[in-house]
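Undergrad: One structure coming up, written as structure tokens, with questions to follow.
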Amino acid sequence: MEEIFRIEGGHLLEGEVRVSGAKNATVALIPASILANGPVAIVGVPQIADVDNLADILKELNVKVTKVADDHLIIDPTQMKNTTLDSPAVTKLRASYYFMGALLGKYGYVKIKMPGGCYLGPRPIDLHLKGFEALGATVVYDKGCYTISADKLVGNKIFLDIASVGATINIMMAAVYASGRTIIENAAKEPEIIDIATLLNKMGAQVRGAGTNVITIDGTDNLMGCFHEIIPDRIEAGTFIIIAAAMAKKVRVTNIIPTHLEALLSKLDEMGVKMDVDVDSVTVYHSENLKPVDIKTAPYPGFATDLQQPLTSLMCKCNGQSSIKETIYPERFKHCVELQRMGADIDVRNGSALINGPISLFGDDVEATDLRCGASLIIAGLMADGQTRIHEIYHIDRGYANIDAKLRALGAHIDRVEIDG
Ligand code: EPU
């Protein structure tokens with residue numbers, strides 16, 4: 001049996017939807033928790049498959065995970081054992097690589113399988129490894145496993161050739177117990193990085209400068225348990241705002257930090273989407289005659305690569321030619337092939353896409369080849385005439401908490417159904 005989403009398109013949406021905690025913060029906060037020498041309570045945990053997989057990895061490490069409520073975990077690493085991480089859970093998501101920095105930081109040793117995650121073209125981890133080596137670690141890769149070890153980690157100055165989110169977080173985690181000062185230059189500035197630094201500092205770490213391109217970490221001897229609330233998911237928020245721009249009668253998206261979404265909101269404004277932006281919510285009104293726009297993905301605060309796929313579907317509605325230049329993952333265009341099945345007029349070449357509109361999409365059988373492709377297909381399905389059946393929805397469940405239930409509450413005709421595989 002296979003689970004799919006079945007969507008009956010063309011129904012306008014109305015009501016309020018609350019955004020969950022940020023996936024890309026959560027998947028780093030959970031591994032970061034093991035750096036503490038006491039229990040860490042985290043609230044705002046999204047109900048996504050990536051969290052379940054990370055909880056499985058924690059159990060392998062003999063870390064006690066207590067689910068106090070659906071969105072509230074207590075992670076107690078006091079009885080932790082540093083075992084080899086080579087189970088299937090490790091290869092189900094990319095963020096399992098955060099156990100590299102966390103275990104190396106705590107024990108000076110980690111053995112872990114190559115991480116998995118969405119295929120968006122090549123996703124090397126050379127900068128993470130270069131950072132660990134700069135702190136004094138040795139990296140050995142053998143039969144799909146990395147062994148990273150150090151007698152003693154010592155702070156150093158590390159310049160990242162690319163402002164990588166993952167490398168910045170991994171190096172921060174590896175450096176919290178290192179002796180002396182670590183300085184990460186050309187660090188990534190994403191809001192999720194600030195959230196991880198906030199958690200580490202609540203534990204007693206000394207991380208300064210998160211959110212700027214120079215992060216300083218002064219090593220410490222002991223980190224304590226603490227309480228932490230995760231920031232809202234700016235990509236889920238952006239996805240719902242785009243959905244509303246396409247299909248709202250009137251939709252209010254709540255639990256938002258609008259400054260995290262400025263690049264998207266300014267493009268939607270340019271398109272002519274009618275919105276009210278409040279302190280922690282955005283209300284979107286029925287909008288017609290949308291204008292085409294050009295976007296270029298870039299590290300934060302630029303236009304997020306994770307939102308270019310959802311936006312592509314909305315661009316099909318615009319009057320004229322829109323364009324996307326993808327600078328982070330030049331191959332992140334598999335969703336366009338699926339949208340073409342639904343009638344989209346898109347030309348993909350050399351890391352760019354030209355989207356011609358307005359086009360009336362029609363329902364078809366399509367495949368969520370990765371997480372944000374899945375989001376783009378849900379949007380297209382809601383816009384399309386007739387029925388859309390989205391396959392491989394486990395990709396969507398990895399990163400969007402209860403997206404079908406949230407959409408049904410807004411009046412969308414979307415069902416999760418089992419079919420013969
Ligand atoms: N890169 C390298 N070497 C490295 C690391 C990165 O060349 O060692 C390159 C990548 O290939 C890419 C660029 O640097 O071209 C940026 O990659 P980054 O390391 O910043 O990405 P990531 O940490 O692997 C996170 C998110 C992604 C999001 C990117 C970019 C998590 C778990 N994942 O990935 O989220 O697209 O940052 O913002 O935080 C998603 O949520 O759908 C998703 C894929």
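We label chains A, B, ... in the order they appear in the structure tokens, count residues from 1 in each chain, and number ligands from 1 in the order shown.
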Considering only C-alpha atoms, return as a PyMOL selection string whatever protein or nucleic-acid residues lie within 8 Å of Ile194 in chain A, sequence-local ones (same chain, fewer than 4 positions apart) excluded.
TA: chain A and resi 189-190+198+210-211
Undergrad: Listing only residues of range 213-270 of chain A within 7 Å of range 36-55 of chain A, what is the closest atom pair and its distance in Å (to one decimal) for each, using only C-alpha atoms, sorted by chain and residue number ascending, as a Markdown table?
TA:
```
| residue | atom | partner | partner_atom | distance |
| --- | --- | --- | --- | --- |
| A:Leu223 | CA | A:Ala36 | CA | 4.7 |
| A:Met224 | CA | A:Ala36 | CA | 5.0 |
| A:Gly225 | CA | A:Gly38 | CA | 4.2 |
| A:Cys226 | CA | A:Val40 | CA | 4.9 |
| A:Phe227 | CA | A:Ala41 | CA | 4.7 |
| A:His228 | CA | A:Ile42 | CA | 4.9 |
| A:Glu229 | CA | A:Val43 | CA | 4.8 |
| A:Ile230 | CA | A:Gly44 | CA | 5.3 |
```
Undergrad: Which distance in Å separates CA of Pro31 in chain A and CA of Ile75 in chain A, to one decimal?
TA: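 So the two atoms, CA of Pro31 in chain A and CA of Ile75 in chain A, lie 9.6 Å apart.
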Undergrad: Per residue of chain A within 6 Å of ligand 1, record the nearest atom pair and its distance in Å to one decimal, counting only C-alpha atoms and all ligand atoms, with rows in chain order and ascending residue number, as a Markdown table.
TA:
```
| residue | atom | partner | partner_atom_place_in_ligand_line | distance |
| --- | --- | --- | --- | --- |
| A:Asn24 | CA | ligand 1 | 39 (O) | 4.1 |
| A:Ala95 | CA | ligand 1 | 32 (C) | 4.9 |
| A:Pro122 | CA | ligand 1 | 11 (O) | 5.9 |
| A:Arg123 | CA | ligand 1 | 11 (O) | 4.1 |
| A:Pro124 | CA | ligand 1 | 3 (N) | 4.6 |
| A:Ile125 | CA | ligand 1 | 8 (O) | 3.2 |
| A:Asp126 | CA | ligand 1 | 8 (O) | 3.9 |
| A:Leu127 | CA | ligand 1 | 8 (O) | 3.5 |
| A:His128 | CA | ligand 1 | 8 (O) | 5.1 |
| A:Ile162 | CA | ligand 1 | 14 (O) | 5.6 |
| A:Ser164 | CA | ligand 1 | 20 (O) | 3.4 |
| A:Val165 | CA | ligand 1 | 20 (O) | 3.7 |
| A:Gly166 | CA | ligand 1 | 23 (O) | 3.4 |
| A:Ala167 | CA | ligand 1 | 19 (O) | 5.9 |
| A:Thr305 | CA | ligand 1 | 36 (O) | 5.7 |
| A:Asp306 | CA | ligand 1 | 36 (O) | 5.1 |
| A:Ile328 | CA | ligand 1 | 15 (O) | 4.4 |
| A:Tyr329 | CA | ligand 1 | 15 (O) | 5.1 |
| A:Leu371 | CA | ligand 1 | 42 (O) | 5.6 |
| A:Arg372 | CA | ligand 1 | 42 (O) | 5.5 |
```
Undergrad: Could you save the residues just selected, with N, CA, C and O atoms, as a CSV table (one decimal), in the first residue's frame?
TA:
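What ended up in selection_32.csv:
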```csv
chain,number,residue,atom,x,y,z
A,24,ASN,N,14.2,23.3,10.4
A,24,ASN,CA,15.7,23.4,10.2
A,24,ASN,C,16.4,23.9,11.5
A,24,ASN,O,17.6,23.7,11.6
A,95,ALA,N,20.1,16.0,8.4
A,95,ALA,CA,20.5,16.6,9.6
A,95,ALA,C,21.1,15.6,10.6
A,95,ALA,O,21.7,16.1,11.7
A,122,PRO,N,24.5,17.8,-6.0
A,122,PRO,CA,25.5,17.4,-5.0
A,122,PRO,C,25.4,18.3,-3.7
A,122,PRO,O,25.1,19.4,-3.8
A,123,ARG,N,25.6,17.6,-2.6
A,123,ARG,CA,25.5,18.3,-1.3
A,123,ARG,C,26.8,17.9,-0.4
A,123,ARG,O,26.6,17.1,0.5
A,124,PRO,N,27.9,18.4,-0.8
A,124,PRO,CA,29.2,18.0,-0.1
A,124,PRO,C,29.2,18.5,1.4
A,124,PRO,O,28.4,19.4,1.7
A,125,ILE,N,30.0,17.8,2.2
A,125,ILE,CA,30.1,18.3,3.6
A,125,ILE,C,31.6,18.6,3.9
A,125,ILE,O,32.0,18.6,5.0
A,126,ASP,N,32.4,19.0,2.8
A,126,ASP,CA,33.8,19.3,3.0
A,126,ASP,C,34.0,20.4,4.0
A,126,ASP,O,35.0,20.4,4.7
A,127,LEU,N,33.2,21.4,4.0
A,127,LEU,CA,33.4,22.5,4.9
A,127,LEU,C,33.2,22.2,6.4
A,127,LEU,O,33.9,22.7,7.3
A,128,HIS,N,32.3,21.2,6.6
A,128,HIS,CA,32.1,20.7,8.0
A,128,HIS,C,33.4,20.1,8.5
A,128,HIS,O,33.9,20.3,9.5
A,162,ILE,N,32.1,28.9,1.6
A,162,ILE,CA,30.7,29.2,1.4
A,162,ILE,C,30.0,29.4,2.7
A,162,ILE,O,30.3,28.6,3.7
A,164,SER,N,27.9,28.2,4.7
A,164,SER,CA,27.0,27.0,4.8
A,164,SER,C,26.3,27.0,6.2
A,164,SER,O,27.0,27.1,7.2
A,165,VAL,N,25.0,26.8,6.1
A,165,VAL,CA,24.2,26.6,7.3
A,165,VAL,C,24.7,25.5,8.2
A,165,VAL,O,25.0,25.6,9.4
A,166,GLY,N,24.8,24.3,7.5
A,166,GLY,CA,25.1,23.1,8.2
A,166,GLY,C,26.5,23.2,8.8
A,166,GLY,O,26.8,22.8,10.0
A,167,ALA,N,27.5,23.7,8.0
A,167,ALA,CA,28.9,23.7,8.5
A,167,ALA,C,29.0,24.7,9.7
A,167,ALA,O,29.6,24.4,10.7
A,305,THR,N,16.2,29.5,-1.0
A,305,THR,CA,16.0,28.4,-2.0
A,305,THR,C,14.9,27.5,-1.6
A,305,THR,O,14.2,27.0,-2.5
A,306,ASP,N,14.6,27.3,-0.3
A,306,ASP,CA,13.5,26.4,0.1
A,306,ASP,C,12.1,27.0,-0.4
A,306,ASP,O,11.1,26.2,-0.3
A,328,ILE,N,21.9,28.5,-5.0
A,328,ILE,CA,22.4,27.6,-3.9
A,328,ILE,C,22.5,26.1,-4.4
A,328,ILE,O,23.5,25.4,-4.2
A,329,TYR,N,21.4,25.7,-5.0
A,329,TYR,CA,21.3,24.3,-5.6
A,329,TYR,C,20.9,24.4,-7.1
A,329,TYR,O,19.7,24.3,-7.3
A,371,LEU,N,11.2,17.4,-0.5
A,371,LEU,CA,10.3,18.0,0.4
A,371,LEU,C,9.6,19.2,-0.2
A,371,LEU,O,8.3,19.4,-0.2
A,372,ARG,N,10.4,20.2,-0.7
A,372,ARG,CA,9.8,21.4,-1.2
A,372,ARG,C,9.1,21.3,-2.6
A,372,ARG,O,8.2,22.0,-3.0
```
Undergrad: Determine the nearest neighbour of Tyr400 in chain A from the options A:Ile355, A:Ala174, A:Ile378, A:Ala304, counting only C-alpha atoms.
TA: A:Ile378
Undergrad: For a test of reading the model, state the distance in Å between CA of Ile396 in chain A and CA of Val348 in chain A, rounded to one decimal.
TA: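 Between these atoms lies a distance of 23.2 Å.
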Undergrad: I need the strand (DSSP E or B) residues of range 166-373 of chain A per DSSP on the backbone, written as a PyMOL selection string.
TA: chain A and resi 179+181-185+206-208+210+212+214-218+227-229+232+248-254+275-277+281-285+294-297+303+320-325+345-349+352-357+362+365-367
Undergrad: For those residues, write C-alpha atoms to a file as a compact mmCIF listing (two decimals), in the first residue's frame.
TA:
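Result file out34.txt:
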```
# COMPACT_ATOMS: atom_id res chain seq x y z
CA SER A 179 39.88 24.96 24.72
CA ARG A 181 38.47 30.70 21.22
CA THR A 182 37.02 29.57 17.89
CA ILE A 183 36.16 32.19 15.29
CA ILE A 184 33.97 31.23 12.31
CA GLU A 185 34.35 33.74 9.50
CA GLN A 206 29.69 31.35 25.17
CA VAL A 207 28.66 31.87 21.56
CA ARG A 208 28.68 35.45 20.29
CA ALA A 210 25.23 34.41 15.67
CA THR A 212 26.27 38.00 11.70
CA VAL A 214 31.53 36.27 12.34
CA ILE A 215 30.72 33.90 15.18
CA THR A 216 32.99 33.58 18.21
CA ILE A 217 32.86 30.61 20.56
CA ASP A 218 34.81 30.59 23.82
CA PHE A 227 14.43 25.04 28.59
CA HIS A 228 14.06 26.27 25.02
CA GLU A 229 11.22 27.31 22.72
CA PRO A 232 8.52 29.55 14.06
CA ALA A 248 -7.34 32.58 -0.39
CA LYS A 249 -10.67 34.21 0.08
CA LYS A 250 -9.06 35.46 3.30
CA VAL A 251 -6.39 33.51 5.20
CA ARG A 252 -4.48 34.58 8.31
CA VAL A 253 -1.16 32.82 8.88
CA THR A 254 -0.12 33.10 12.54
CA MET A 275 -1.68 41.31 2.36
CA ASP A 276 -1.67 42.83 5.82
CA VAL A 277 1.55 42.19 7.71
CA SER A 281 0.87 37.18 11.51
CA VAL A 282 0.19 37.84 7.85
CA THR A 283 -3.34 38.06 6.46
CA VAL A 284 -3.69 37.38 2.75
CA TYR A 285 -6.76 38.43 0.73
CA ASP A 294 12.11 37.65 -11.12
CA ILE A 295 13.82 35.98 -8.18
CA LYS A 296 17.36 34.91 -7.42
CA THR A 297 17.92 32.59 -4.47
CA PHE A 303 15.34 34.84 -1.20
CA GLY A 320 3.58 37.11 -18.19
CA GLN A 321 7.01 35.55 -17.78
CA SER A 322 8.55 35.09 -14.32
CA SER A 323 12.07 33.85 -13.75
CA ILE A 324 14.02 32.00 -11.07
CA LYS A 325 17.80 31.94 -10.79
CA ASP A 345 4.81 26.20 -19.26
CA ILE A 346 8.31 26.20 -17.76
CA ASP A 347 11.69 26.22 -19.43
CA VAL A 348 14.53 25.02 -17.18
CA ARG A 349 18.15 25.53 -18.16
CA SER A 352 17.36 28.91 -14.08
CA ALA A 353 13.68 28.55 -14.88
CA LEU A 354 11.41 30.72 -17.01
CA ILE A 355 7.75 30.37 -16.06
CA ASN A 356 5.14 31.56 -18.53
CA GLY A 357 1.66 32.45 -17.35
CA PHE A 362 -5.01 20.54 -14.51
CA ASP A 365 -0.58 11.95 -10.98
CA VAL A 366 2.65 13.60 -9.84
CA GLU A 367 5.59 12.70 -7.61
```
Undergrad: What is the distance between CA of Ile148 in chain A and CA of Gly136 in chain A, in Å to one decimal?
TA: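 Answer for the CA of Ile148 in chain A to CA of Gly136 in chain A separation: 10.1 Å.
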Undergrad: Taking the backbone alone, and naming residues the way the document does, which bits of range 115-299 of chain A are helix (DSSP H, G or I) by DSSP, as a PyMOL selection string?
TA: chain A and resi 126-134+165-175+191-203+234-247+258-271
